[in-house]
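Visitor: Input model_1.pdb, format and content: PDB, C-alpha atoms.
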```
ATOM      1  CA  MET B   1      34.979 -43.913  -2.821
ATOM      2  CA  ASN B   2      34.141 -42.556  -6.267
ATOM      3  CA  ALA B   3      35.038 -39.017  -7.102
ATOM      4  CA  THR B   4      32.568 -37.227  -9.318
ATOM      5  CA  THR B   5      33.898 -34.669 -11.692
ATOM      6  CA  TYR B   6      31.851 -31.794 -12.994
ATOM      7  CA  THR B   7      32.496 -29.960 -16.203
ATOM      8  CA  ALA B   8      31.628 -26.301 -16.205
ATOM      9  CA  GLN B   9      29.694 -25.156 -19.231
ATOM     10  CA  ARG B  10      30.605 -21.781 -20.674
ATOM     11  CA  ILE B  11      27.727 -19.924 -22.189
ATOM     12  CA  ASP B  12      28.774 -17.584 -24.918
ATOM     13  CA  PRO B  13      26.787 -14.332 -24.472
ATOM     14  CA  SER B  14      26.982 -13.654 -28.207
ATOM     15  CA  LEU B  15      24.886 -16.793 -28.848
ATOM     16  CA  GLN B  16      22.020 -15.658 -26.659
ATOM     17  CA  GLN B  17      19.314 -13.928 -28.572
ATOM     18  CA  GLY B  18      17.068 -11.329 -27.077
ATOM     19  CA  SER B  19      13.764 -10.400 -28.521
ATOM     20  CA  GLU B  20      11.673  -7.293 -28.571
ATOM     21  CA  PHE B  21       8.495  -7.044 -26.577
ATOM     22  CA  LEU B  22       5.348  -7.987 -28.407
ATOM     23  CA  PRO B  23       3.160  -4.999 -29.299
ATOM     24  CA  ARG B  24       0.646  -5.967 -26.577
ATOM     25  CA  ASP B  25       3.457  -5.978 -23.986
ATOM     26  CA  GLN B  26       4.933  -2.580 -24.838
ATOM     27  CA  GLU B  27       2.869  -0.965 -22.077
ATOM     28  CA  PRO B  28       2.105  -2.625 -18.737
ATOM     29  CA  SER B  29      -1.463  -3.730 -18.208
ATOM     30  CA  HIS B  30      -3.468  -1.484 -15.941
ATOM     31  CA  ARG B  31      -5.975  -4.280 -15.374
ATOM     32  CA  LEU B  32      -3.511  -6.927 -14.269
ATOM     33  CA  HIS B  33      -5.161  -7.629 -10.910
ATOM     34  CA  GLU B  34      -8.619  -6.279 -11.643
ATOM     35  CA  PRO B  35     -11.175  -9.047 -11.918
ATOM     36  CA  GLU B  36     -13.895  -8.852 -14.547
ATOM     37  CA  GLY B  37     -16.499  -9.616 -11.921
ATOM     38  CA  MET B  38     -16.796 -11.035  -8.439
ATOM     39  CA  LEU B  39     -19.381 -13.360  -6.963
ATOM     40  CA  THR B  40     -19.782 -13.916  -3.254
ATOM     41  CA  SER B  41     -21.836 -16.772  -1.883
ATOM     42  CA  ILE B  42     -21.373 -15.888   1.798
ATOM     43  CA  ASP B  43     -24.324 -14.036   3.291
ATOM     44  CA  PRO B  44     -22.863 -10.781   4.673
ATOM     45  CA  ILE B  45     -25.417 -10.641   7.507
ATOM     46  CA  THR B  46     -25.301 -14.225   8.828
ATOM     47  CA  GLY B  47     -21.906 -15.316   7.517
ATOM     48  CA  GLU B  48     -23.579 -18.453   6.163
ATOM     49  CA  ASP B  49     -21.962 -20.118   3.154
ATOM     50  CA  ILE B  50     -24.739 -20.606   0.616
ATOM     51  CA  GLU B  51     -24.395 -23.966  -1.149
ATOM     52  CA  ASP B  52     -27.144 -23.740  -3.787
ATOM     53  CA  LEU B  53     -27.428 -20.259  -5.327
ATOM     54  CA  ALA B  54     -30.417 -21.099  -7.543
ATOM     55  CA  GLY B  55     -33.399 -19.024  -6.464
ATOM     56  CA  LYS B  56     -31.515 -17.202  -3.707
ATOM     57  CA  PRO B  57     -31.921 -13.416  -3.436
ATOM     58  CA  TYR B  58     -28.957 -11.410  -4.654
ATOM     59  CA  LEU B  59     -27.761  -7.858  -5.124
ATOM     60  CA  VAL B  60     -25.585  -6.518  -7.947
ATOM     61  CA  ASP B  61     -23.237  -3.699  -6.939
ATOM     62  CA  GLY B  62     -20.983  -2.682  -9.827
ATOM     63  CA  ASN B  63     -19.067  -5.800 -10.778
ATOM     64  CA  VAL B  64     -19.937  -7.661  -7.544
ATOM     65  CA  VAL B  65     -22.856 -10.078  -7.213
ATOM     66  CA  MET B  66     -23.724 -10.778  -3.566
ATOM     67  CA  TYR B  67     -26.009 -13.675  -2.654
ATOM     68  CA  PHE B  68     -28.087 -13.821   0.519
ATOM     69  CA  ALA B  69     -29.482 -16.759   2.476
ATOM     70  CA  SER B  70     -32.956 -15.199   2.555
ATOM     71  CA  GLU B  71     -34.893 -12.116   1.506
ATOM     72  CA  GLU B  72     -34.859 -10.991   5.151
ATOM     73  CA  THR B  73     -31.055 -10.878   5.284
ATOM     74  CA  ARG B  74     -30.997  -9.064   1.938
ATOM     75  CA  ARG B  75     -33.350  -6.406   3.327
ATOM     76  CA  ALA B  76     -31.305  -6.191   6.531
ATOM     77  CA  TYR B  77     -28.183  -5.589   4.445
ATOM     78  CA  LEU B  78     -29.892  -2.864   2.412
ATOM     79  CA  GLU B  79     -31.181  -1.180   5.598
ATOM     80  CA  THR B  80     -27.744  -1.152   7.254
ATOM     81  CA  SER B  81     -26.279   2.338   7.262
ATOM     82  CA  LYS B  82     -23.089   2.526   5.229
ATOM     83  CA  HIS B  83     -21.889   5.481   7.305
ATOM     84  CA  HIS B  84     -21.975   3.898  10.748
ATOM     85  CA  THR B  85     -18.883   3.623  12.914
ATOM     86  CA  LEU B  86     -17.483   0.115  13.040
ATOM     87  CA  HIS B  87     -17.165  -1.043  16.652
ATOM     88  CA  LEU B  88     -14.817  -3.974  16.978
ATOM     89  CA  ALA B  89     -15.500  -6.414  19.801
ATOM     90  CA  ASP B  90     -11.825  -6.571  20.788
ATOM     91  CA  ASN B  91     -11.240  -2.801  20.556
ATOM     92  CA  PRO B  92     -11.971  -1.250  23.963
ATOM     93  CA  SER B  93     -11.697   2.319  22.683
ATOM     94  CA  GLU B  94     -14.408   1.657  20.045
ATOM     95  CA  ASP B  95     -13.092   4.448  17.861
ATOM     96  CA  GLY B  96     -13.479   2.371  14.698
ATOM     97  CA  GLU B  97      -9.784   1.634  14.254
ATOM     98  CA  ALA B  98      -8.460  -1.875  14.012
ATOM     99  CA  GLU B  99      -5.832  -2.973  16.454
ATOM    100  CA  GLY B 100      -2.486  -3.873  15.088
TER     101      GLY B 100
END
```
Would you write the structure of this file as structure tokens?
Guide:
Amino acid sequence: MNATTYTAQRIDPSLQQGSEFLPRDQEPSHRLHEPEGMLTSIDPITGEDIEDLAGKPYLVDGNVVMYFASEETRRAYLETSKHHTLHLADNPSEDGEAEG
């Protein structure tokens, strides 16, 4: 049976050099997790994943581009009230709150 010996390495703290932050890193980024733009290729009405986006109807909302499977689903999306109460199928109280 071979015994393995280990030698502990001492690191002299005086040899470690620190550096100052770069000028760009002096202040934390406020846009760290903010994307420049978003593109969604899932039709919000049908849930269909759209393979070929060329020629498909779309809607630009701020920095989001939403594609639709057809002009009919785009119109249906635009006609949907944004102030309706969300009724979840598995929420018997239907008060618009998610279970959890």
Visitor: Name the residues in contact with Val64 (chain B) at a cut-off of 12 Å, using only C-alpha atoms, excluding same-chain residues fewer than 6 positions from it; report them as a short mmCIF file (atom, residue, chain, number, x, y, z; two decimals) with C-alpha atoms, keeping the file's coordinate frame.
Guide:
```
data_model
loop_
_atom_site.label_atom_id
_atom_site.label_comp_id
_atom_site.auth_asym_id
_atom_site.auth_seq_id
_atom_site.Cartn_x
_atom_site.Cartn_y
_atom_site.Cartn_z
CA PRO B 35 -11.18 -9.05 -11.92
CA GLU B 36 -13.90 -8.85 -14.55
CA GLY B 37 -16.50 -9.62 -11.92
CA MET B 38 -16.80 -11.04 -8.44
CA LEU B 39 -19.38 -13.36 -6.96
CA THR B 40 -19.78 -13.92 -3.25
CA SER B 41 -21.84 -16.77 -1.88
CA TYR B 58 -28.96 -11.41 -4.65
#
```
Visitor: Kindly indicate which residue among B:Val65, B:Glu72, B:Glu79, B:Gln9 lies nearest to Thr46 (chain B), using all atoms listed in the file for the distances.
Guide: B:Glu72
Visitor: May I ask for the distance between CA of Arg24 (chain B) and CA of Asn63 (chain B), given in Å to one decimal place?
Guide: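 A separation of 25.3 Å between them.
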Visitor: List the neighbours of Glu71 (chain B) out to 12 Å using all atoms listed in the file; skip same-chain residues closer than 2 positions along the sequence, and give me the result as a ChimeraX atom specification.
Guide: /B:43,45,55-59,67-69,73-78
Visitor: Quick check, in Å to one decimal: how far apart do CA of Ala54 (chain B) and CA of Ser70 (chain B) lie?
Guide: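 Distance between the two atoms: 12.0 Å.
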Visitor: Could you please determine the separation between CA of Lys82 (chain B) and CA of Gly62 (chain B) in Å, to one decimal place?
Guide: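 It comes out at 16.1 Å.
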